[in-house]
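Next comes entry_22.cif, with mmCIF, C-alpha atoms.
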data_upload
loop_
_atom_site.group_PDB
_atom_site.id
_atom_site.type_symbol
_atom_site.label_atom_id
_atom_site.label_comp_id
_atom_site.auth_asym_id
_atom_site.auth_seq_id
_atom_site.Cartn_x
_atom_site.Cartn_y
_atom_site.Cartn_z
ATOM 1 C CA MET C 134 -72.569 31.240 -197.261
ATOM 2 C CA THR C 135 -71.921 28.511 -199.796
ATOM 3 C CA THR C 136 -68.638 27.244 -201.064
ATOM 4 C CA SER C 137 -67.725 25.771 -204.454
ATOM 5 C CA THR C 138 -67.907 22.036 -204.710
ATOM 6 C CA ASP C 139 -64.268 21.601 -205.665
ATOM 7 C CA ALA C 140 -62.760 23.921 -202.996
ATOM 8 C CA PRO C 141 -61.146 22.451 -199.857
ATOM 9 C CA VAL C 142 -63.080 22.891 -196.585
ATOM 10 C CA ARG C 143 -61.335 23.200 -193.203
ATOM 11 C CA HIS C 144 -63.084 21.934 -190.071
ATOM 12 C CA ALA C 145 -61.980 22.723 -186.523
ATOM 13 C CA GLY C 146 -59.052 20.526 -185.484
ATOM 14 C CA GLN C 147 -58.975 18.690 -188.772
ATOM 15 C CA ARG C 148 -56.735 18.785 -191.794
ATOM 16 C CA ILE C 149 -57.806 20.175 -195.116
ATOM 17 C CA VAL C 150 -59.935 17.654 -196.959
ATOM 18 C CA PRO C 151 -60.881 18.374 -200.573
ATOM 19 C CA VAL C 152 -64.550 18.026 -201.272
ATOM 20 C CA ARG C 153 -65.190 16.086 -204.454
ATOM 21 C CA PRO C 154 -68.231 16.936 -206.551
ATOM 22 C CA ARG C 155 -71.022 14.433 -206.187
ATOM 23 C CA ARG C 156 -72.325 12.603 -209.196
ATOM 24 C CA PRO C 157 -75.855 13.707 -210.080
ATOM 25 C CA GLU C 158 -78.475 11.144 -209.203
ATOM 26 C CA GLY C 159 -79.440 9.079 -212.183
ATOM 27 C CA GLY C 160 -76.438 10.313 -214.179
ATOM 28 C CA ALA C 161 -74.763 7.855 -216.456
ATOM 29 C CA ARG C 162 -71.203 6.853 -215.657
ATOM 30 C CA ARG C 163 -68.802 7.805 -218.403
ATOM 31 C CA THR C 164 -67.176 4.728 -219.822
ATOM 32 C CA THR C 165 -64.635 4.270 -222.523
ATOM 33 C CA ALA C 166 -65.239 1.231 -224.676
ATOM 34 C CA ASN C 167 -63.121 -0.015 -227.481
ATOM 35 C CA LEU C 168 -65.714 -0.633 -230.154
ATOM 36 C CA THR C 169 -63.277 -2.082 -232.658
ATOM 37 C CA LEU C 170 -61.395 -5.022 -231.163
ATOM 38 C CA GLY C 171 -62.506 -5.154 -227.538
ATOM 39 C CA ALA C 172 -60.923 -3.956 -224.315
ATOM 40 C CA GLY C 173 -59.092 -7.079 -223.117
ATOM 41 C CA HIS C 174 -55.788 -8.373 -224.492
ATOM 42 C CA THR C 175 -57.187 -11.840 -225.221
ATOM 43 C CA THR C 176 -60.183 -10.372 -227.038
ATOM 44 C CA ARG C 177 -57.967 -8.197 -229.196
ATOM 45 C CA VAL C 178 -55.700 -11.123 -230.100
ATOM 46 C CA LEU C 179 -58.673 -13.303 -231.073
ATOM 47 C CA ALA C 180 -60.237 -10.491 -233.086
ATOM 48 C CA LEU C 181 -56.989 -9.835 -234.931
ATOM 49 C CA ALA C 182 -56.598 -13.544 -235.649
ATOM 50 C CA VAL C 183 -60.129 -13.808 -237.064
ATOM 51 C CA LEU C 184 -59.644 -10.671 -239.174
ATOM 52 C CA THR C 185 -56.313 -11.981 -240.478
ATOM 53 C CA VAL C 186 -57.851 -15.302 -241.533
ATOM 54 C CA ALA C 187 -60.786 -13.502 -243.179
ATOM 55 C CA ALA C 188 -58.410 -11.166 -245.040
ATOM 56 C CA LEU C 189 -56.333 -14.098 -246.303
ATOM 57 C CA ILE C 190 -59.444 -15.920 -247.512
ATOM 58 C CA TRP C 191 -60.595 -12.753 -249.297
ATOM 59 C CA LEU C 192 -57.173 -12.178 -250.878
ATOM 60 C CA LEU C 193 -56.619 -15.790 -252.010
ATOM 61 C CA PRO C 194 -58.620 -15.553 -255.297
ATOM 62 C CA MET C 195 -56.950 -12.241 -256.120
ATOM 63 C CA ALA C 196 -53.505 -13.707 -255.451
ATOM 64 C CA TRP C 197 -54.317 -16.740 -257.616
ATOM 65 C CA ALA C 198 -55.474 -14.511 -260.487
ATOM 66 C CA LEU C 199 -52.352 -12.354 -260.217
ATOM 67 C CA LEU C 200 -50.034 -15.387 -260.200
ATOM 68 C CA THR C 201 -51.835 -16.962 -263.155
ATOM 69 C CA ALA C 202 -51.599 -13.750 -265.183
ATOM 70 C CA PHE C 203 -47.798 -13.850 -265.009
ATOM 71 C CA LYS C 204 -47.537 -17.464 -266.150
ATOM 72 C CA SER C 205 -47.329 -19.044 -269.560
ATOM 73 C CA GLU C 206 -50.359 -20.982 -270.805
ATOM 74 C CA ALA C 207 -48.600 -24.293 -270.159
ATOM 75 C CA ASP C 208 -47.787 -23.368 -266.555
ATOM 76 C CA ALA C 209 -51.248 -21.873 -265.952
ATOM 77 C CA SER C 210 -52.855 -25.294 -266.418
ATOM 78 C CA ASP C 211 -50.211 -27.122 -264.356
ATOM 79 C CA PRO C 212 -51.738 -28.061 -260.956
ATOM 80 C CA VAL C 213 -48.376 -29.077 -259.460
ATOM 81 C CA HIS C 214 -46.420 -25.840 -259.796
ATOM 82 C CA TRP C 215 -49.316 -23.486 -259.176
ATOM 83 C CA ILE C 216 -47.324 -21.155 -256.900
ATOM 84 C CA ARG C 217 -43.972 -21.090 -258.676
ATOM 85 C CA PRO C 218 -44.235 -21.947 -262.386
ATOM 86 C CA ALA C 219 -41.789 -24.415 -263.866
ATOM 87 C CA HIS C 220 -40.742 -22.037 -266.651
ATOM 88 C CA GLY C 221 -40.725 -18.904 -264.525
ATOM 89 C CA PHE C 222 -42.936 -15.835 -264.610
ATOM 90 C CA THR C 223 -43.527 -14.043 -267.889
ATOM 91 C CA LEU C 224 -45.486 -11.149 -269.418
ATOM 92 C CA GLN C 225 -46.557 -13.229 -272.401
ATOM 93 C CA ALA C 226 -50.247 -13.257 -271.431
ATOM 94 C CA PHE C 227 -50.358 -9.467 -271.141
ATOM 95 C CA SER C 228 -48.662 -8.992 -274.504
ATOM 96 C CA MET C 229 -51.036 -11.451 -276.200
ATOM 97 C CA VAL C 230 -54.106 -9.696 -274.781
ATOM 98 C CA TRP C 231 -52.729 -6.302 -275.786
ATOM 99 C CA GLU C 232 -51.982 -7.431 -279.343
ATOM 100 C CA ARG C 233 -55.270 -9.237 -279.987
ATOM 101 C CA GLY C 234 -57.529 -6.533 -278.649
ATOM 102 C CA ASP C 235 -57.910 -2.777 -278.654
ATOM 103 C CA LEU C 236 -57.380 -2.185 -274.938
ATOM 104 C CA PRO C 237 -56.585 1.573 -275.124
ATOM 105 C CA LEU C 238 -59.889 2.261 -276.919
ATOM 106 C CA TRP C 239 -61.856 -0.013 -274.583
ATOM 107 C CA MET C 240 -60.343 1.639 -271.523
ATOM 108 C CA LEU C 241 -61.115 5.084 -272.915
ATOM 109 C CA ASN C 242 -64.729 4.099 -273.604
ATOM 110 C CA SER C 243 -65.064 2.616 -270.131
ATOM 111 C CA PHE C 244 -63.635 5.747 -268.549
ATOM 112 C CA LEU C 245 -65.930 8.071 -270.519
ATOM 113 C CA VAL C 246 -69.022 5.986 -269.800
ATOM 114 C CA SER C 247 -68.213 5.470 -266.120
ATOM 115 C CA ALA C 248 -67.344 9.142 -265.566
ATOM 116 C CA ALA C 249 -70.552 10.326 -267.251
ATOM 117 C CA VAL C 250 -72.692 7.822 -265.334
ATOM 118 C CA THR C 251 -71.045 8.872 -262.064
ATOM 119 C CA VAL C 252 -71.522 12.613 -262.577
ATOM 120 C CA ILE C 253 -75.158 12.322 -263.695
ATOM 121 C CA THR C 254 -76.091 9.772 -261.029
ATOM 122 C CA VAL C 255 -74.527 11.705 -258.154
ATOM 123 C CA LEU C 256 -76.089 15.006 -259.266
ATOM 124 C CA VAL C 257 -79.582 13.588 -259.863
ATOM 125 C CA SER C 258 -79.518 11.445 -256.704
ATOM 126 C CA ALA C 259 -78.339 14.381 -254.592
ATOM 127 C CA MET C 260 -81.113 16.637 -255.889
ATOM 128 C CA ALA C 261 -83.716 13.915 -255.373
ATOM 129 C CA GLY C 262 -82.393 13.183 -251.882
ATOM 130 C CA TYR C 263 -82.570 16.882 -250.992
ATOM 131 C CA ALA C 264 -86.124 17.128 -252.314
ATOM 132 C CA PHE C 265 -87.270 14.135 -250.243
ATOM 133 C CA SER C 266 -85.438 15.371 -247.150
ATOM 134 C CA ARG C 267 -86.011 19.152 -247.093
ATOM 135 C CA THR C 268 -89.101 19.936 -249.150
ATOM 136 C CA LEU C 269 -92.803 19.225 -248.871
ATOM 137 C CA PHE C 270 -94.889 18.455 -251.942
ATOM 138 C CA ALA C 271 -97.970 16.458 -252.815
ATOM 139 C CA GLY C 272 -97.369 12.722 -252.925
ATOM 140 C CA ARG C 273 -93.922 12.988 -251.313
ATOM 141 C CA LYS C 274 -94.328 9.949 -249.068
ATOM 142 C CA TRP C 275 -95.759 7.769 -251.817
ATOM 143 C CA LEU C 276 -93.054 8.769 -254.260
ATOM 144 C CA PHE C 277 -90.322 8.032 -251.721
ATOM 145 C CA ALA C 278 -91.926 4.666 -250.955
ATOM 146 C CA LEU C 279 -91.900 3.930 -254.690
ATOM 147 C CA THR C 280 -88.215 4.873 -254.831
ATOM 148 C CA VAL C 281 -87.397 2.534 -251.956
ATOM 149 C CA ALA C 282 -89.412 -0.251 -253.600
ATOM 150 C CA ALA C 283 -87.435 0.267 -256.822
ATOM 151 C CA VAL C 284 -84.294 -0.793 -254.937
ATOM 152 C CA LEU C 285 -85.679 -4.349 -254.918
ATOM 153 C CA VAL C 286 -86.004 -4.485 -258.726
ATOM 154 C CA PRO C 287 -83.045 -6.313 -260.340
ATOM 155 C CA PRO C 288 -81.496 -4.398 -263.239
ATOM 156 C CA GLN C 289 -81.658 -7.511 -265.421
ATOM 157 C CA ILE C 290 -85.467 -7.252 -265.496
ATOM 158 C CA LEU C 291 -85.196 -3.788 -267.039
ATOM 159 C CA ILE C 292 -83.010 -4.838 -269.970
ATOM 160 C CA VAL C 293 -85.918 -5.310 -272.400
ATOM 161 C CA PRO C 294 -87.742 -2.044 -271.486
ATOM 162 C CA TRP C 295 -84.460 -0.127 -271.703
ATOM 163 C CA PHE C 296 -83.696 -1.643 -275.107
ATOM 164 C CA GLU C 297 -87.163 -0.744 -276.405
ATOM 165 C CA GLN C 298 -86.784 2.816 -275.153
ATOM 166 C CA MET C 299 -83.388 3.263 -276.776
ATOM 167 C CA LEU C 300 -84.725 1.727 -280.002
ATOM 168 C CA THR C 301 -87.696 4.108 -280.011
ATOM 169 C CA LEU C 302 -85.417 7.095 -279.406
ATOM 170 C CA HIS C 303 -82.956 5.906 -282.097
ATOM 171 C CA LEU C 304 -80.088 5.913 -279.573
ATOM 172 C CA LEU C 305 -78.773 2.387 -280.026
ATOM 173 C CA ASP C 306 -75.048 2.153 -280.772
ATOM 174 C CA THR C 307 -74.392 5.519 -279.149
ATOM 175 C CA TYR C 308 -72.779 6.615 -275.894
ATOM 176 C CA ALA C 309 -76.170 7.895 -274.734
ATOM 177 C CA ALA C 310 -77.652 4.410 -274.965
ATOM 178 C CA VAL C 311 -74.904 3.027 -272.738
ATOM 179 C CA ILE C 312 -74.932 5.913 -270.233
ATOM 180 C CA LEU C 313 -78.534 6.997 -269.631
ATOM 181 C CA PRO C 314 -80.121 3.748 -268.334
ATOM 182 C CA GLN C 315 -77.257 3.282 -265.863
ATOM 183 C CA THR C 316 -77.959 6.632 -264.193
ATOM 184 C CA VAL C 317 -81.089 5.267 -262.505
ATOM 185 C CA ALA C 318 -79.932 4.489 -258.953
ATOM 186 C CA PRO C 319 -82.746 4.437 -256.355
ATOM 187 C CA VAL C 320 -80.418 3.127 -253.653
ATOM 188 C CA MET C 321 -78.207 6.222 -253.993
ATOM 189 C CA VAL C 322 -81.261 8.450 -253.661
ATOM 190 C CA PHE C 323 -82.171 6.655 -250.446
ATOM 191 C CA ILE C 324 -78.621 6.947 -249.045
ATOM 192 C CA LEU C 325 -78.325 10.659 -249.819
ATOM 193 C CA LYS C 326 -81.807 11.350 -248.462
ATOM 194 C CA LYS C 327 -80.842 9.801 -245.138
ATOM 195 C CA HIS C 328 -77.592 11.765 -245.191
ATOM 196 C CA PHE C 329 -79.407 15.068 -245.689
ATOM 197 C CA ASP C 330 -81.751 14.116 -242.834
ATOM 198 C CA SER C 331 -78.727 13.937 -240.530
ATOM 199 C CA LEU C 332 -77.544 17.479 -241.311
ATOM 200 C CA PRO C 333 -78.610 20.238 -238.854
ATOM 201 C CA VAL C 334 -81.765 22.089 -239.847
ATOM 202 C CA GLU C 335 -80.372 25.256 -238.226
ATOM 203 C CA LEU C 336 -77.975 25.706 -241.136
ATOM 204 C CA GLU C 337 -80.873 25.808 -243.563
ATOM 205 C CA GLU C 338 -82.840 28.185 -241.358
ATOM 206 C CA ALA C 339 -79.870 30.559 -241.112
ATOM 207 C CA ALA C 340 -79.505 30.538 -244.899
ATOM 208 C CA ARG C 341 -83.207 31.290 -245.318
ATOM 209 C CA ILE C 342 -82.880 34.302 -243.028
ATOM 210 C CA ASP C 343 -80.184 35.594 -245.396
ATOM 211 C CA GLY C 344 -82.620 35.222 -248.296
ATOM 212 C CA ALA C 345 -81.358 31.937 -249.795
ATOM 213 C CA GLY C 346 -83.729 29.709 -251.709
ATOM 214 C CA HIS C 347 -83.775 25.955 -252.154
ATOM 215 C CA TRP C 348 -81.172 25.902 -254.910
ATOM 216 C CA ARG C 349 -78.813 28.203 -253.002
ATOM 217 C CA ILE C 350 -79.179 26.137 -249.834
ATOM 218 C CA PHE C 351 -78.630 22.907 -251.740
ATOM 219 C CA TRP C 352 -75.625 24.101 -253.743
ATOM 220 C CA SER C 353 -73.843 26.388 -251.248
ATOM 221 C CA VAL C 354 -74.749 24.966 -247.824
ATOM 222 C CA LEU C 355 -75.559 21.251 -247.919
ATOM 223 C CA LEU C 356 -73.380 20.021 -250.792
ATOM 224 C CA PRO C 357 -70.103 21.350 -249.291
ATOM 225 C CA LEU C 358 -70.970 19.521 -246.071
ATOM 226 C CA SER C 359 -71.683 16.334 -248.025
ATOM 227 C CA ARG C 360 -68.406 16.001 -249.926
ATOM 228 C CA PRO C 361 -67.267 12.794 -248.160
ATOM 229 C CA MET C 362 -70.633 11.131 -248.745
ATOM 230 C CA LEU C 363 -70.788 12.310 -252.359
ATOM 231 C CA ALA C 364 -67.269 10.982 -252.936
ATOM 232 C CA ALA C 365 -68.184 7.587 -251.483
ATOM 233 C CA VAL C 366 -71.361 7.386 -253.563
ATOM 234 C CA GLY C 367 -69.420 8.432 -256.648
ATOM 235 C CA ILE C 368 -66.819 5.714 -256.134
ATOM 236 C CA PHE C 369 -69.438 2.983 -255.800
ATOM 237 C CA VAL C 370 -71.305 4.242 -258.887
ATOM 238 C CA PHE C 371 -68.064 4.443 -260.877
ATOM 239 C CA ILE C 372 -67.092 0.883 -259.929
ATOM 240 C CA GLY C 373 -70.538 -0.425 -260.850
ATOM 241 C CA ALA C 374 -70.511 1.349 -264.219
ATOM 242 C CA TRP C 375 -66.948 0.203 -264.968
ATOM 243 C CA ASN C 376 -67.762 -3.453 -264.244
ATOM 244 C CA ASN C 377 -71.147 -3.448 -265.996
ATOM 245 C CA PHE C 378 -71.133 -5.970 -268.817
ATOM 246 C CA LEU C 379 -74.710 -6.915 -269.686
ATOM 247 C CA TRP C 380 -76.197 -3.557 -270.674
ATOM 248 C CA PRO C 381 -73.194 -2.280 -272.728
ATOM 249 C CA PHE C 382 -73.138 -5.667 -274.437
ATOM 250 C CA VAL C 383 -76.845 -5.460 -275.337
ATOM 251 C CA SER C 384 -77.029 -1.784 -276.289
ATOM 252 C CA THR C 385 -74.028 -1.627 -278.626
ATOM 253 C CA SER C 386 -72.784 -3.625 -281.573
ATOM 254 C CA ASP C 387 -70.222 -1.113 -282.854
ATOM 255 C CA PRO C 388 -66.684 -2.263 -281.922
ATOM 256 C CA SER C 389 -65.596 1.358 -281.480
ATOM 257 C CA LEU C 390 -68.114 1.754 -278.623
ATOM 258 C CA MET C 391 -67.157 -1.377 -276.679
ATOM 259 C CA THR C 392 -66.284 -0.960 -273.034
ATOM 260 C CA LEU C 393 -63.518 -2.936 -271.388
ATOM 261 C CA PRO C 394 -65.656 -5.811 -269.966
ATOM 262 C CA VAL C 395 -67.327 -6.277 -273.350
ATOM 263 C CA GLY C 396 -64.134 -5.991 -275.360
ATOM 264 C CA ILE C 397 -62.238 -8.476 -273.221
ATOM 265 C CA THR C 398 -64.771 -11.188 -274.052
ATOM 266 C CA THR C 399 -63.876 -10.851 -277.732
ATOM 267 C CA VAL C 400 -60.242 -11.768 -277.047
ATOM 268 C CA LYS C 401 -60.408 -15.526 -277.553
ATOM 269 C CA ASP C 402 -58.142 -18.205 -278.887
ATOM 270 C CA ALA C 403 -58.884 -21.118 -281.179
ATOM 271 C CA TYR C 404 -57.367 -23.552 -278.682
ATOM 272 C CA GLY C 405 -60.063 -23.175 -276.023
ATOM 273 C CA ILE C 406 -59.870 -21.430 -272.675
ATOM 274 C CA GLN C 407 -56.624 -19.571 -272.093
ATOM 275 C CA TYR C 408 -56.329 -19.167 -268.330
ATOM 276 C CA ALA C 409 -53.299 -16.897 -268.322
ATOM 277 C CA GLN C 410 -54.804 -14.513 -270.880
ATOM 278 C CA SER C 411 -58.143 -14.457 -269.065
ATOM 279 C CA MET C 412 -56.471 -13.566 -265.785
ATOM 280 C CA ALA C 413 -54.278 -10.975 -267.496
ATOM 281 C CA SER C 414 -57.390 -9.351 -268.930
ATOM 282 C CA ALA C 415 -59.031 -9.323 -265.501
ATOM 283 C CA VAL C 416 -55.951 -7.739 -263.926
ATOM 284 C CA LEU C 417 -55.805 -5.022 -266.582
ATOM 285 C CA ALA C 418 -59.511 -4.307 -266.110
ATOM 286 C CA ALA C 419 -59.134 -4.058 -262.335
ATOM 287 C CA LEU C 420 -56.107 -1.760 -262.262
ATOM 288 C CA PRO C 421 -58.054 1.506 -262.801
ATOM 289 C CA LEU C 422 -60.515 0.550 -260.067
ATOM 290 C CA VAL C 423 -57.710 -0.217 -257.620
ATOM 291 C CA ALA C 424 -56.097 3.135 -258.388
ATOM 292 C CA ALA C 425 -59.402 4.980 -257.928
ATOM 293 C CA PHE C 426 -60.098 3.244 -254.627
ATOM 294 C CA VAL C 427 -56.606 3.915 -253.271
ATOM 295 C CA PHE C 428 -56.848 7.572 -254.253
ATOM 296 C CA PHE C 429 -60.323 8.119 -252.758
ATOM 297 C CA GLN C 430 -60.287 5.675 -249.842
ATOM 298 C CA ARG C 431 -59.980 8.445 -247.239
ATOM 299 C CA HIS C 432 -63.265 9.891 -248.492
ATOM 300 C CA ILE C 433 -64.983 6.533 -247.985
ATOM 301 C CA VAL C 434 -63.630 6.218 -244.446
ATOM 302 C CA LYS C 435 -64.626 9.803 -243.650
ATOM 303 C CA SER C 436 -68.135 9.315 -245.006
ATOM 304 C CA VAL C 437 -68.647 6.201 -242.861
ATOM 305 C CA ALA C 438 -67.285 7.965 -239.768
ATOM 306 C CA THR C 439 -69.357 11.141 -240.155
ATOM 307 C CA THR C 440 -72.636 9.299 -240.759
ATOM 308 C CA GLY C 441 -72.487 7.214 -237.608
ATOM 309 C CA LEU C 442 -71.733 3.913 -239.316
ATOM 310 C CA GLY C 443 -68.338 3.676 -237.691
ATOM 311 C CA GLY C 444 -69.646 3.292 -234.143
ATOM 312 C CA GLN C 445 -69.458 6.989 -233.294
#
Can the structure in the file be given as structure tokens, please?
Amino acid sequence: MTTSTDAPVRHAGQRIVPVRPRRPEGGARRTTANLTLGAGHTTRVLALAVLTVAALIWLLPMAWALLTAFKSEADASDPVHWIRPAHGFTLQAFSMVWERGDLPLWMLNSFLVSAAVTVITVLVSAMAGYAFSRTLFAGRKWLFALTVAAVLVPPQILIVPWFEQMLTLHLLDTYAAVILPQTVAPVMVFILKKHFDSLPVELEEAARIDGAGHWRIFWSVLLPLSRPMLAAVGIFVFIGAWNNFLWPFVSTSDPSLMTLPVGITTVKDAYGIQYAQSMASAVLAALPLVAAFVFFQRHIVKSVATTGLGGQ
């Protein structure tokens, strides 16, 4: 007659001694490791100190730009009172930039272009990633290898071919000319393909038993599970489209189609470089991106955690 491994066993003339379960031979010992800052107190203090110094170094240019934006032009070029201006802080630079340019129109154009680029890029990249991950077709490996190789091509090399294409299609000085070339994002296809590879195949098999096809599986099964990753990809695409200067500058000459980075360069003064106005323009251009990142930052953290990049 056998007894359970965790039940106490009484021997003649002895007290009750609980029998502990034996560890299986070759079994790994469960350990708890702090993957972020280390387990020891000294290690955590050193890690926090290094991270604090790195954060301060990263924030220093941003702090300098913010301080300069709230100075007058005379104080902005004063190296002595660079922290606290001699004449105090002022909003003069912001008012000058707002009066000399058409910031509301430029911001609207940037938002429309960035939103369109984000929606098209995320949708096309997700469909391409699903096709590479879940379907079999002739030339699949070679086409995916070509997509990965396209990641190494700098966008600046494609400026002339893009311009010739838009000229041939008579799309120059239109929103389409600014939007369409920016939707080509091989790196996003690669990221989403790897993400779809990590999803359980059993979900797809269960949907196929219920009669679902590729589109139904993609739209109703895999996309809802990929919301954090899609949000993270969308944020990075939106930021890249918002900050893009070269292609909107080349593809448009109509002032009514200028995006914010292009329009800000037209705000100049006859007296040379105006540091306060330049920094004020940069701050105004960065505000929408900061708001978008703050609003969607939990999606970025969740996407990193659920894809194994966070040490899980």
Could you spell out the hits of the PyMOL selection byres ((chain C and resi 367-381) around 8) on the shown file, as a PyMOL selection string?
-> chain C and resi 243-244+246-248+250-252+254-255+292+311+315+363-366+382-385+391-395+422+425-426+429
Which residue gives the smallest distance to Thr268 in chain C among C:Glu335, C:Asp330, C:Asp343, C:Glu206, with all atoms listed in the file counted?
-> C:Asp330
Residues in the PyMOL selection byres ((chain C and resi 360) around 12), expressed as a ChimeraX atom specification | /C:255,259,325,328-329,352-359,361-367,429,431-433,435-436,439
Selection from above, C-alpha atoms, as a PDB file, keeping the file's coordinate frame, can you write it?
ATOM      1  CA  VAL C 255     -74.527  11.705-258.154  1.00  0.00           C
ATOM      2  CA  ALA C 259     -78.339  14.381-254.592  1.00  0.00           C
ATOM      3  CA  LEU C 325     -78.325  10.659-249.819  1.00  0.00           C
ATOM      4  CA  HIS C 328     -77.592  11.765-245.191  1.00  0.00           C
ATOM      5  CA  PHE C 329     -79.407  15.068-245.689  1.00  0.00           C
ATOM      6  CA  TRP C 352     -75.625  24.101-253.743  1.00  0.00           C
ATOM      7  CA  SER C 353     -73.843  26.388-251.248  1.00  0.00           C
ATOM      8  CA  VAL C 354     -74.749  24.966-247.824  1.00  0.00           C
ATOM      9  CA  LEU C 355     -75.559  21.251-247.919  1.00  0.00           C
ATOM     10  CA  LEU C 356     -73.380  20.021-250.792  1.00  0.00           C
ATOM     11  CA  PRO C 357     -70.103  21.350-249.291  1.00  0.00           C
ATOM     12  CA  LEU C 358     -70.970  19.521-246.071  1.00  0.00           C
ATOM     13  CA  SER C 359     -71.683  16.334-248.025  1.00  0.00           C
ATOM     14  CA  PRO C 361     -67.267  12.794-248.160  1.00  0.00           C
ATOM     15  CA  MET C 362     -70.633  11.131-248.745  1.00  0.00           C
ATOM     16  CA  LEU C 363     -70.788  12.310-252.359  1.00  0.00           C
ATOM     17  CA  ALA C 364     -67.269  10.982-252.936  1.00  0.00           C
ATOM     18  CA  ALA C 365     -68.184   7.587-251.483  1.00  0.00           C
ATOM     19  CA  VAL C 366     -71.361   7.386-253.563  1.00  0.00           C
ATOM     20  CA  GLY C 367     -69.420   8.432-256.648  1.00  0.00           C
ATOM     21  CA  PHE C 429     -60.323   8.119-252.758  1.00  0.00           C
ATOM     22  CA  ARG C 431     -59.980   8.445-247.239  1.00  0.00           C
ATOM     23  CA  HIS C 432     -63.265   9.891-248.492  1.00  0.00           C
ATOM     24  CA  ILE C 433     -64.983   6.533-247.985  1.00  0.00           C
ATOM     25  CA  LYS C 435     -64.626   9.803-243.650  1.00  0.00           C
ATOM     26  CA  SER C 436     -68.135   9.315-245.006  1.00  0.00           C
ATOM     27  CA  THR C 439     -69.357  11.141-240.155  1.00  0.00           C
TER      28      THR C 439
END
Distance query range 269-285 of chain C at most 8 Å, all atoms listed in the file, self and fewer than 6 positions along chain excluded, as number ranges by chain | C: 318-320, 322-323
Given the selection you just returned, output its residues as a file containing C-alpha atoms, formatted as a CSV table (one decimal), in the frame of the given file.
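Printed below is again04.csv as written:
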chain,number,residue,atom,x,y,z
C,318,ALA,CA,-79.9,4.5,-259.0
C,319,PRO,CA,-82.7,4.4,-256.4
C,320,VAL,CA,-80.4,3.1,-253.7
C,322,VAL,CA,-81.3,8.4,-253.7
C,323,PHE,CA,-82.2,6.7,-250.4
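Distances here use all atoms listed in the file; by that measure, the residue among C:Val434, C:Leu390, C:Ala188, C:Met412 closest to Leu224 in chain C is C:Met412.
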Ref. answer, residues at most 10 Å from (-50.0, -10.1, -273.8) with all atoms listed in the file, as a PDB file with C-alpha atoms, in the frame of the given file:
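What follows is the written file out-v1.pdb:
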ATOM      1  CA  ALA C 202     -51.599 -13.750-265.183  1.00  0.00           C
ATOM      2  CA  PHE C 203     -47.798 -13.850-265.009  1.00  0.00           C
ATOM      3  CA  THR C 223     -43.527 -14.043-267.889  1.00  0.00           C
ATOM      4  CA  LEU C 224     -45.486 -11.149-269.418  1.00  0.00           C
ATOM      5  CA  GLN C 225     -46.557 -13.229-272.401  1.00  0.00           C
ATOM      6  CA  ALA C 226     -50.247 -13.257-271.431  1.00  0.00           C
ATOM      7  CA  PHE C 227     -50.358  -9.467-271.141  1.00  0.00           C
ATOM      8  CA  SER C 228     -48.662  -8.992-274.504  1.00  0.00           C
ATOM      9  CA  MET C 229     -51.036 -11.451-276.200  1.00  0.00           C
ATOM     10  CA  VAL C 230     -54.106  -9.696-274.781  1.00  0.00           C
ATOM     11  CA  TRP C 231     -52.729  -6.302-275.786  1.00  0.00           C
ATOM     12  CA  GLU C 232     -51.982  -7.431-279.343  1.00  0.00           C
ATOM     13  CA  ARG C 233     -55.270  -9.237-279.987  1.00  0.00           C
ATOM     14  CA  GLY C 234     -57.529  -6.533-278.649  1.00  0.00           C
ATOM     15  CA  ALA C 409     -53.299 -16.897-268.322  1.00  0.00           C
ATOM     16  CA  GLN C 410     -54.804 -14.513-270.880  1.00  0.00           C
ATOM     17  CA  ALA C 413     -54.278 -10.975-267.496  1.00  0.00           C
ATOM     18  CA  SER C 414     -57.390  -9.351-268.930  1.00  0.00           C
TER      19      SER C 414
END
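Going from CA of Ala209 in chain C over to CA of Asp235 in chain C, you cover 23.9 Å.
Counting from CA of Gly346 in chain C, the distance to CA of Gly262 in chain C is 16.6 Å.
Coordinates place CA of Ala207 in chain C at a distance of 28.5 Å from CA of Met240 in chain C.
Each of C:His303, C:Val317, C:Ser205, C:Thr185 was compared to Leu291 in chain C using all atoms listed in the file, and C:Val317 turns out to be the nearest.
Proximity ranking of C:Leu199, C:Ala309, C:Leu192, C:Ala180 relative to Leu420 in chain C places C:Leu199 first, based on only C-alpha atoms.
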Near Leu313 in chain C, counting all atoms listed in the file, which residues have an atom at most 9 Å away, once you skip same-chain residues fewer than 5 positions from it, shown as a list of chain:residue names?
-> C:Ala249, C:Val250, C:Ile253, C:Tyr308
Export, as a PDB file, in the frame of the given file, the selected residues with C-alpha atoms.
ATOM      1  CA  ALA C 249     -70.552  10.326-267.251  1.00  0.00           C
ATOM      2  CA  VAL C 250     -72.692   7.822-265.334  1.00  0.00           C
ATOM      3  CA  ILE C 253     -75.158  12.322-263.695  1.00  0.00           C
ATOM      4  CA  TYR C 308     -72.779   6.615-275.894  1.00  0.00           C
TER       5      TYR C 308
END
Draw an axis-aligned box tight on the listed atoms of range 237-247 of chain C, then pad every side by 3 Å and write out centre and edge lengths in Å to one decimal as lines of an AutoDock Vina configuration file.
center_x = -62.8
center_y = 4.0
center_z = -271.5
size_x = 18.4
size_y = 14.1
size_z = 16.8
Could you tell me which of C:Leu181, C:Ala339, C:Ala415, C:Val423 comes closest to Leu236 in chain C if we count all atoms listed in the file?
-> C:Ala415
